[in-house]
Number of protein chains: 2
Amino acid sequence: MLLQYLTELSKKIIVLASGSPRRKEILTNLGLVFQVVPSTFPENLDKSRFTPEQYVIENSRIKAEEVATSLKHAGQTFDVVIGADSVVVLDGDILEKPSSEQHAFDMLTRLSGRSNVVFSGVSLVLPNPDGGFCVTSFSERTEVEFAPLTPDLINAYIATREPLDKAGAYGIQGLGSSFVRGIKGCYFNVMGFPTHAFCTQLLALMPRLLPPSAPANTNGC
Amino acid sequence: MLLQYLTELSKKIIVLASGSPRRKEILTNLGLVFQVVPSTFPENLDKSRFTPEQYVIENSRIKAEEVATSLKHAGQTFDVVIGADSVVVLDGDILEKPSSEQHAFDMLTRLSGRSNVVFSGVSLVLPNPDGGFCVTSFSERTEVEFAPLTPDLINAYIATREPLDKAGAYGIQGLGSSFVRGIKGCYFNVMGFPTHAFCTQLLALMPRLLPPSAPANTNGC
């Protein structure tokens, strides 16, 4: 969706507020040129206060605003900061990265033979001339169907270390691809960044990012 | 699904009868060790004689058997040869790789704002002690929903050259990811190789590939 604008976008300062190698890979595959400034937000919100959609949006917003604020304080300009967060949801429970091998085993045992839902939230922070920010946030939902997993398979998977840094203890793009029967929705959302939804939202912001000739409307968002 | 068997499988001679870099990438991500011996079959079957499932299975079978036969004639042993074929189907028409930029433009114009279906066929050829082959074939189906594409976007996409060597004139894993709203089914099937279905089928062949101690049952398949 952004292909016609890639040359002009390459002149803009786009910042990804995430250290995730998968998000970096996805944005690179889209043809975008960007810097990586990982957020240091500890993701310690009280999950019970949010729906999964609200939770990932809130995390993505805090991450992007934190990086935008630190850039501003350092006197560094930017055109857009991108924050993102992803979780796996099963039976209403939000599953993030496992804290140990046993935790990963328990998560994968719960996910075995069932469908889970991956929610990603993305926030795009643009600077306002008044010194504030204009924030656009959205979320995306993808259903992931697992084949039944035996304890032997789960242990063999944990031994590869792949699940230990992934929300829900699996990576759909790696060895985990062998036990995912199928998905409903955006594949890249499961990897951690909803490609099509992001492009659609960035496209809607194009009049602000790439004003035709006169300066963009600067009255807030 | 194969994780517990990867060490033993690494001692087997597995041959991929396809030069596709995407299939090579998918099999590598599964942890398999294999050789690549591309088939030279010109894929010139009369499409009107087959359903899409039959067509991709037949192509995959011919490719795998051709490579297995040439290895046998060259006196080279193998444990399994993997053949694969993928097509995109819209309104009952089988779309393969575009023959020109105009052909790619026409295909993408047809796919715009609609759902297409990707079929992949895979054949696994194992040698029989009697000198013949044991062939297992299957197909997988994934639905892919496109966002509406403007002529400007289609032209910008063709200018990247990405669509020109892809069935249906799009690559879901690259720049094409920006205009795919979502899928129903196996993502890797759209990339050209149905990961989970392949693992399930190879698992079923494990008693032949990795017999416990005594020689495998050698009476045909």
# chains A, B, ... in the order shown; residues from 1 in each chain; ligands from 1
>>> interface_residues(of="chain A", to="chain B", cutoff="10 Å", atoms="only C-alpha atoms", output="ChimeraX atom specification")
/A:1-6,26-31,142-150,152-157,159-160,172-189,194-200
>>> residues_around(residues="Gly121 (chain A)", least_positions_apart="4", cutoff="6 Å", atoms="only C-alpha atoms", output="PyMOL selection string")
chain A and resi 56-57+60+84-85+138-139
>>> residues_around(residues="Lys47 (chain A)", least_positions_apart="6", cutoff="10 Å", atoms="only C-alpha atoms", output="number ranges by chain")
A: 54-56, 93-94
>>> write_last_selection(atoms="N, CA, C and O atoms", output="short mmCIF file (atom, residue, chain, number, x, y, z; two decimals), in the first residue's frame")
data_model
loop_
_atom_site.label_atom_id
_atom_site.label_comp_id
_atom_site.auth_asym_id
_atom_site.auth_seq_id
_atom_site.Cartn_x
_atom_site.Cartn_y
_atom_site.Cartn_z
N GLN A 54 -7.28 -3.42 24.43
CA GLN A 54 -6.87 -2.21 25.16
C GLN A 54 -5.45 -2.36 25.72
O GLN A 54 -4.66 -1.42 25.70
N TYR A 55 -5.15 -3.56 26.20
CA TYR A 55 -3.85 -3.81 26.83
C TYR A 55 -2.70 -3.61 25.84
O TYR A 55 -1.72 -2.91 26.12
N VAL A 56 -2.80 -4.22 24.63
CA VAL A 56 -1.70 -4.10 23.66
C VAL A 56 -1.61 -2.68 23.09
O VAL A 56 -0.52 -2.17 22.84
N ASP A 93 -7.21 -15.44 29.23
CA ASP A 93 -5.93 -15.13 29.89
C ASP A 93 -4.93 -14.56 28.88
O ASP A 93 -4.79 -15.11 27.78
N ILE A 94 -4.24 -13.52 29.28
CA ILE A 94 -3.20 -12.93 28.44
C ILE A 94 -1.88 -13.64 28.73
O ILE A 94 -1.39 -13.66 29.86
#
>>> atom_distance(atom1="CA of Leu126 (chain B)", atom2="CA of Val80 (chain B)")
4.7 Å
>>> select_by_dssp(residues="region 106-189 of chain A", states="helix (DSSP H, G or I)", output="number ranges by chain")
A: 106-111, 151-159, 162-165, 167-169, 175-179, 187-189
